[in-house]
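Student: Hey, dropping input_15.tsv in here, TSV, C-alpha atoms:
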chain	number	residue	atom	x	y	z
A	1	MET	CA	5.94	-22.52	8.23
A	2	ARG	CA	8.98	-20.29	8.85
A	3	GLU	CA	10.62	-17.79	6.56
A	4	LYS	CA	13.87	-15.96	7.14
A	5	SER	CA	13.75	-12.26	6.26
A	6	ALA	CA	17.19	-12.26	4.64
A	7	SER	CA	16.20	-10.31	1.53
A	8	PHE	CA	14.58	-6.93	1.03
A	9	PRO	CA	10.82	-6.93	1.57
A	10	ARG	CA	8.89	-6.90	-1.68
A	11	HIS	CA	6.18	-4.63	-0.26
A	12	ILE	CA	6.64	-1.86	2.29
A	13	ALA	CA	3.68	0.11	3.66
A	14	ILE	CA	4.13	3.38	5.53
A	15	ILE	CA	1.86	5.31	7.88
A	16	MET	CA	3.21	8.83	7.32
A	17	ASP	CA	2.52	10.49	10.66
A	18	GLY	CA	3.74	13.67	12.33
A	19	ASN	CA	3.50	16.47	9.74
A	20	GLY	CA	1.53	18.65	12.16
A	21	ARG	CA	3.86	18.00	15.11
A	22	TRP	CA	6.90	18.68	12.94
A	23	ALA	CA	5.43	22.03	11.89
A	24	ARG	CA	4.32	22.99	15.40
A	25	ALA	CA	7.81	22.35	16.78
A	26	ARG	CA	9.15	24.86	14.24
A	27	GLY	CA	6.45	27.47	14.64
A	28	LEU	CA	4.99	26.72	11.22
A	29	SER	CA	1.44	26.07	10.04
A	30	ARG	CA	0.11	22.54	9.62
A	31	LEU	CA	0.00	23.10	5.87
A	32	GLU	CA	3.73	23.84	5.89
A	33	GLY	CA	4.15	20.52	7.65
A	34	HIS	CA	2.19	18.79	4.89
A	35	ARG	CA	4.37	20.49	2.26
A	36	ALA	CA	7.48	19.18	4.01
A	37	GLY	CA	5.80	15.77	4.16
A	38	ALA	CA	5.36	15.81	0.38
A	39	GLU	CA	9.11	16.35	0.02
A	40	ALA	CA	9.69	13.29	2.21
A	41	VAL	CA	7.42	11.28	-0.09
A	42	ARG	CA	9.69	12.24	-2.98
A	43	ARG	CA	12.84	11.20	-1.10
A	44	VAL	CA	11.47	7.89	0.10
A	45	THR	CA	9.84	6.95	-3.20
A	46	THR	CA	13.08	7.64	-5.05
A	47	ALA	CA	15.05	5.64	-2.49
A	48	ALA	CA	12.65	2.68	-2.70
A	49	ALA	CA	12.93	2.66	-6.48
A	50	GLU	CA	16.73	2.77	-6.30
A	51	LEU	CA	16.79	-0.10	-3.78
A	52	GLY	CA	14.65	-2.30	-6.00
A	53	ILE	CA	11.61	-2.44	-3.72
A	54	GLU	CA	8.70	-3.75	-5.80
A	55	TYR	CA	5.75	-2.18	-3.96
A	56	LEU	CA	5.42	0.88	-1.73
A	57	THR	CA	2.04	1.82	-0.24
A	58	LEU	CA	1.67	5.19	1.49
A	59	TYR	CA	-1.21	6.15	3.79
A	60	ALA	CA	-1.76	9.57	2.26
A	61	PHE	CA	-5.33	10.51	3.29
A	62	SER	CA	-7.67	8.49	5.47
A	63	VAL	CA	-11.45	8.47	5.55
A	64	GLU	CA	-11.16	10.09	8.98
A	65	ASN	CA	-9.12	12.98	7.54
A	66	TRP	CA	-12.30	14.42	6.01
A	67	ARG	CA	-13.14	15.57	9.56
A	68	ARG	CA	-10.25	18.02	9.57
A	69	PRO	CA	-10.79	21.80	9.20
A	70	ARG	CA	-11.99	22.88	5.77
A	71	ARG	CA	-8.94	25.06	5.15
A	72	GLU	CA	-6.55	22.21	5.88
A	73	ILE	CA	-8.45	19.83	3.59
A	74	GLN	CA	-8.39	22.40	0.78
A	75	GLY	CA	-4.65	22.79	1.25
A	76	LEU	CA	-4.14	19.02	1.20
A	77	MET	CA	-6.13	18.74	-2.04
A	78	ARG	CA	-4.00	21.48	-3.58
A	79	TYR	CA	-0.77	19.80	-2.52
A	80	LEU	CA	-1.99	16.47	-3.87
A	81	LYS	CA	-2.69	17.98	-7.28
A	82	GLU	CA	0.70	19.70	-7.27
A	83	TYR	CA	2.41	16.45	-6.31
A	84	LEU	CA	0.73	14.45	-9.06
A	85	LYS	CA	1.80	17.02	-11.65
A	86	SER	CA	5.31	17.77	-10.40
A	87	GLU	CA	6.33	14.17	-9.69
A	88	LEU	CA	5.37	12.70	-13.05
A	89	PRO	CA	8.82	13.40	-14.59
A	90	LEU	CA	10.47	11.67	-11.62
A	91	MET	CA	8.13	8.70	-11.97
A	92	ARG	CA	9.05	8.46	-15.63
A	93	ARG	CA	12.79	8.65	-14.93
A	94	ASN	CA	12.57	5.98	-12.24
A	95	ASN	CA	10.09	3.69	-14.06
A	96	ILE	CA	7.55	4.09	-11.20
A	97	ARG	CA	3.96	3.02	-11.68
A	98	LEU	CA	1.32	4.92	-9.70
A	99	ARG	CA	-1.86	3.39	-8.32
A	100	ALA	CA	-4.46	4.47	-5.77
A	101	ILE	CA	-6.75	2.67	-3.33
A	102	GLY	CA	-9.65	4.00	-1.30
A	103	ARG	CA	-12.91	5.83	-1.89
A	104	ILE	CA	-11.51	7.98	-4.67
A	105	GLY	CA	-15.00	9.06	-5.73
A	106	ASP	CA	-15.20	11.27	-2.63
A	107	PHE	CA	-12.42	13.53	-3.92
A	108	PRO	CA	-12.96	16.75	-5.92
A	109	ASP	CA	-13.20	16.33	-9.68
A	110	SER	CA	-9.95	18.23	-10.28
A	111	VAL	CA	-8.04	15.88	-7.97
A	112	ARG	CA	-9.54	12.78	-9.58
A	113	ARG	CA	-8.62	14.06	-13.05
A	114	ALA	CA	-5.03	14.72	-11.98
A	115	LEU	CA	-4.85	11.28	-10.38
A	116	ASP	CA	-6.29	9.56	-13.44
A	117	ARG	CA	-3.81	11.35	-15.73
A	118	THR	CA	-0.79	10.32	-13.69
A	119	ILE	CA	-1.99	6.74	-13.28
A	120	ALA	CA	-2.57	6.48	-17.05
A	121	ALA	CA	0.79	8.07	-17.87
A	122	THR	CA	2.67	5.54	-15.70
A	123	ALA	CA	0.55	2.45	-16.39
A	124	GLY	CA	3.23	0.86	-18.57
A	125	HIS	CA	6.06	1.30	-16.08
A	126	THR	CA	7.62	-1.88	-14.72
A	127	GLY	CA	9.65	-0.71	-11.71
A	128	LEU	CA	8.35	0.26	-8.27
A	129	THR	CA	4.56	0.25	-7.89
A	130	LEU	CA	3.68	3.26	-5.72
A	131	THR	CA	0.18	3.00	-4.25
A	132	LEU	CA	-1.40	6.01	-2.59
A	133	ALA	CA	-4.10	5.21	-0.06
A	134	LEU	CA	-6.57	8.09	-0.55
A	135	GLY	CA	-9.90	8.37	1.21
A	136	TYR	CA	-8.82	5.03	2.63
A	137	GLY	CA	-9.89	3.11	5.71
A	138	GLY	CA	-9.28	-0.55	6.43
A	139	ARG	CA	-12.78	-1.03	7.81
A	140	SER	CA	-14.25	0.78	4.80
A	141	GLU	CA	-12.33	-1.52	2.47
A	142	ILE	CA	-13.67	-4.61	4.24
A	143	VAL	CA	-17.24	-3.25	4.26
A	144	ASP	CA	-17.03	-2.35	0.56
A	145	GLY	CA	-15.77	-5.85	-0.20
A	146	VAL	CA	-18.60	-7.43	1.80
A	147	LYS	CA	-21.15	-5.34	-0.09
A	148	ARG	CA	-19.77	-6.48	-3.45
A	149	ILE	CA	-19.80	-10.11	-2.39
A	150	ALA	CA	-23.35	-9.74	-1.03
A	151	GLU	CA	-24.47	-8.32	-4.36
A	152	GLU	CA	-22.86	-11.22	-6.21
A	153	CYS	CA	-24.66	-13.64	-3.86
A	154	ARG	CA	-27.95	-11.85	-4.48
A	155	LYS	CA	-27.48	-12.24	-8.23
A	156	GLY	CA	-26.59	-15.90	-7.84
A	157	GLY	CA	-22.98	-15.46	-8.94
A	158	ILE	CA	-21.56	-16.67	-5.63
A	159	ASP	CA	-22.78	-19.44	-3.35
A	160	PRO	CA	-22.22	-18.30	0.26
A	161	GLU	CA	-20.60	-21.69	0.92
A	162	GLN	CA	-17.84	-20.67	-1.51
A	163	ILE	CA	-16.76	-17.69	0.60
A	164	ASP	CA	-13.35	-18.17	2.17
A	165	GLU	CA	-10.29	-15.99	2.81
A	166	GLU	CA	-8.98	-16.36	-0.72
A	167	LEU	CA	-12.29	-15.40	-2.32
A	168	PHE	CA	-12.78	-12.44	0.03
A	169	ALA	CA	-9.28	-11.09	-0.65
A	170	GLY	CA	-10.24	-10.87	-4.31
A	171	TYR	CA	-12.79	-8.19	-3.41
A	172	LEU	CA	-10.35	-5.82	-1.75
A	173	TYR	CA	-9.41	-2.55	-3.46
A	174	ALA	CA	-6.22	-3.94	-5.04
A	175	PRO	CA	-6.37	-7.75	-4.80
A	176	ASP	CA	-3.31	-8.20	-6.99
A	177	LEU	CA	-0.99	-6.40	-4.56
A	178	PRO	CA	0.90	-8.77	-2.25
A	179	ASP	CA	0.48	-8.24	1.49
A	180	PRO	CA	3.18	-5.96	2.92
A	181	GLU	CA	6.04	-7.67	4.70
A	182	LEU	CA	7.03	-4.47	6.52
A	183	LEU	CA	4.88	-1.67	7.95
A	184	ILE	CA	6.68	1.52	8.98
A	185	ARG	CA	5.09	4.16	11.19
A	186	THR	CA	6.66	7.53	11.93
A	187	SER	CA	6.25	9.88	14.93
A	188	GLY	CA	6.33	7.10	17.53
A	189	GLU	CA	2.62	6.23	17.65
A	190	MET	CA	1.94	2.55	18.42
A	191	ARG	CA	-1.26	1.92	16.46
A	192	VAL	CA	-2.29	0.93	12.93
A	193	SER	CA	-4.89	3.70	12.50
A	194	ASN	CA	-7.30	1.70	10.34
A	195	PHE	CA	-4.66	0.97	7.68
A	196	LEU	CA	-4.63	-2.27	5.64
A	197	LEU	CA	-6.38	-4.19	8.41
A	198	TRP	CA	-6.84	-7.33	6.31
A	199	GLN	CA	-3.41	-7.25	4.67
A	200	ILE	CA	-1.16	-6.75	7.73
A	201	SER	CA	-2.11	-9.94	9.59
A	202	TYR	CA	1.52	-11.17	9.48
A	203	THR	CA	3.31	-7.93	8.66
A	204	GLU	CA	6.41	-6.91	10.63
A	205	PHE	CA	6.08	-3.48	12.31
A	206	TRP	CA	8.83	-0.87	12.65
A	207	VAL	CA	8.17	2.40	14.50
A	208	THR	CA	10.42	5.46	14.64
A	209	PRO	CA	10.00	8.57	16.82
A	210	ASP	CA	10.97	10.74	13.86
A	211	CYS	CA	8.14	12.72	12.27
A	212	TRP	CA	7.44	11.98	8.63
A	213	PRO	CA	9.11	15.13	7.18
A	214	ASP	CA	12.41	13.95	8.71
A	215	PHE	CA	12.18	10.43	7.25
A	216	ASP	CA	14.74	9.66	4.55
A	217	LYS	CA	16.68	6.91	2.79
A	218	GLU	CA	18.88	6.32	5.85
A	219	LYS	CA	15.81	5.67	8.03
A	220	LEU	CA	14.32	3.44	5.34
A	221	LEU	CA	17.50	1.36	5.27
A	222	GLU	CA	17.45	1.17	9.08
A	223	ALA	CA	13.90	-0.23	8.97
A	224	ILE	CA	14.82	-2.75	6.28
A	225	SER	CA	17.93	-3.84	8.18
A	226	ASP	CA	15.86	-4.47	11.32
A	227	TYR	CA	13.33	-6.42	9.26
A	228	GLN	CA	16.08	-8.62	7.83
A	229	LYS	CA	17.12	-9.70	11.33
A	230	ARG	CA	13.67	-11.03	12.20
A	231	GLU	CA	12.31	-14.56	11.85
A	232	ARG	CA	8.86	-14.62	10.27
A	233	ARG	CA	6.92	-17.54	11.77
A	234	PHE	CA	3.39	-17.14	10.37
A	235	GLY	CA	1.99	-18.85	13.45
A	236	GLY	CA	4.55	-21.64	13.49
A	237	LEU	CA	7.43	-22.31	15.90
A	238	GLY	CA	10.75	-20.53	15.82
A	239	ASN	CA	14.20	-22.10	16.01
A	240	GLY	CA	14.70	-24.00	19.25
A	241	GLU	CA	11.01	-23.94	20.24
Rewrite the structure of this file - the entire thing - as structure tokens.

Tutor:
Amino acid sequence: MREKSASFPRHIAIIMDGNGRWARARGLSRLEGHRAGAEAVRRVTTAAAELGIEYLTLYAFSVENWRRPRREIQGLMRYLKEYLKSELPLMRRNNIRLRAIGRIGDFPDSVRRALDRTIAATAGHTGLTLTLALGYGGRSEIVDGVKRIAEECRKGGIDPEQIDEELFAGYLYAPDLPDPELLIRTSGEMRVSNFLLWQISYTEFWVTPDCWPDFDKEKLLEAISDYQKRERRFGGLGNGE
């Protein structure tokens, strides 16, 4: 099977990397870098909505991020709450629906309440679906899915012989989201960092040396343009092969 990438990708996922390096290069604290990163989220989300992208998934906080210094984590939680409150008017104006994936139960009560309020307030929106990966890890998602399937097997609801890729995908955090066609990573790192391990099997990668706070609509369009030039083979043969 071959598919030309002539149109915009329906689903773009982004590993937002480089807030700390951006801040260090300017003599600022890491938290100032995260604040600048939140402004980039606003720019890119608005741009994606304007371009008609259907799904945007942002790697906002990984399971590994809990290992960071306590002060930095507290600052990140504060910025997340501020973002959820301040961006709601923009989400309403742009018809953006907010969702979240990950181990949300690990977050402070105040953050979960703010997240629940914003998700509920945008649930009826029909434009861009913005998914924040929070307390997220690709391996954790797979393990959590396996546990749920194992419990269903134990109860007799699933025969192990029924388990295939389609059934397993239904036990991921957001099984209704299509797999991303394009994965963007900022700051030049060439790794996936435990992000959407199941979903990116055939995703096209685009890496920029720019740190996340410098990412904008122009860079997003550059990534999309590069994606549109590629031939997606899905394991098949390309033209002339």

Student: Can you tell me which residues surround segment 66-82 of chain A at a distance of at most 8 Å, considering only C-alpha atoms, apart from same-chain residues fewer than 6 positions away, and format the answer as a PyMOL selection string?

Tutor: chain A and resi 30-31+34-35+38+110-111+114-115

Student: Compare A:Val143, A:Glu189, A:Val41, A:Glu166 by their minimum atom-to-atom distance to Glu87 of chain A, counting only C-alpha atoms, and give me the closest one.

Tutor: A:Val41

Student: Counting all atoms listed in the file, what is within 9 Å of segment 208-223 of chain A, bar same-chain residues fewer than 6 positions away, as an MDAnalysis selection string?

Tutor: chainID A and resid 15:22 33:41 43:44 46:48 182 184:189

Student: Restricted to C-alpha atoms, what would the selected residues look like written as a short mmCIF file (atom, residue, chain, number, x, y, z; two decimals), in the coordinates of the input?

Tutor:
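Dumped everything to part21.cif:
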data_model
loop_
_atom_site.label_atom_id
_atom_site.label_comp_id
_atom_site.auth_asym_id
_atom_site.auth_seq_id
_atom_site.Cartn_x
_atom_site.Cartn_y
_atom_site.Cartn_z
CA ILE A 15 1.86 5.31 7.88
CA MET A 16 3.21 8.83 7.32
CA ASP A 17 2.52 10.49 10.66
CA GLY A 18 3.74 13.67 12.33
CA ASN A 19 3.50 16.47 9.74
CA GLY A 20 1.53 18.65 12.16
CA ARG A 21 3.86 18.00 15.11
CA TRP A 22 6.90 18.68 12.94
CA GLY A 33 4.15 20.52 7.65
CA HIS A 34 2.19 18.79 4.89
CA ARG A 35 4.37 20.49 2.26
CA ALA A 36 7.48 19.18 4.01
CA GLY A 37 5.80 15.77 4.16
CA ALA A 38 5.36 15.81 0.38
CA GLU A 39 9.11 16.35 0.02
CA ALA A 40 9.69 13.29 2.21
CA VAL A 41 7.42 11.28 -0.09
CA ARG A 43 12.84 11.20 -1.10
CA VAL A 44 11.47 7.89 0.10
CA THR A 46 13.08 7.64 -5.05
CA ALA A 47 15.05 5.64 -2.49
CA ALA A 48 12.65 2.68 -2.70
CA LEU A 182 7.03 -4.47 6.52
CA ILE A 184 6.68 1.52 8.98
CA ARG A 185 5.09 4.16 11.19
CA THR A 186 6.66 7.53 11.93
CA SER A 187 6.25 9.88 14.93
CA GLY A 188 6.33 7.10 17.53
CA GLU A 189 2.62 6.23 17.65
#

Student: Considering all atoms listed in the file, can you say which of A:Glu152, A:Glu165, A:Glu64, A:Glu204 comes closest to Gly137 of chain A?

Tutor: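 Using all atoms listed in the file, the shortest distance to Gly137 of chain A belongs to A:Glu64.
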
Student: Take atom CA of Thr118 of chain A and atom CA of Lys85 of chain A and report the distance between them in Å, one decimal.

Tutor: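 Interatomic distance here is 7.5 Å.
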
Student: Kindly give the distance, in Å, that separates atom CA of Tyr171 of chain A and atom CA of Tyr83 of chain A, rounded to a single decimal.

Tutor: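 The value is 29.1 Å.
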
Student: When you look at segment 104-108 of chain A with a cut-off of 8 Å (counting all atoms listed in the file), what residues show up, excluding the ones that are within fewer than 4 positions of it in the same chain? I need them as a tab-separated table (two decimals) with C-alpha atoms, in the coordinates of the input.

Tutor:
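See around27.tsv below for the written result:
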chain	number	residue	atom	x	y	z
A	100	ALA	CA	-4.46	4.47	-5.77
A	112	ARG	CA	-9.54	12.78	-9.58
A	134	LEU	CA	-6.57	8.09	-0.55
A	135	GLY	CA	-9.90	8.37	1.21

Student: Work out how far apart atom CA of Leu128 of chain A and atom CA of Glu32 of chain A are and give it in Å to one decimal.

Tutor: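 Going from atom CA of Leu128 of chain A over to atom CA of Glu32 of chain A, I get 27.9 Å.
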
Student: So that I can check the surroundings of Ala121 of chain A, please list as a ChimeraX atom specification every protein, DNA and RNA residue that reaches within 10 Å of it, counting only C-alpha atoms and ignoring chain neighbours fewer than 6 positions away.

Tutor: /A:88,91-92,97-98,115
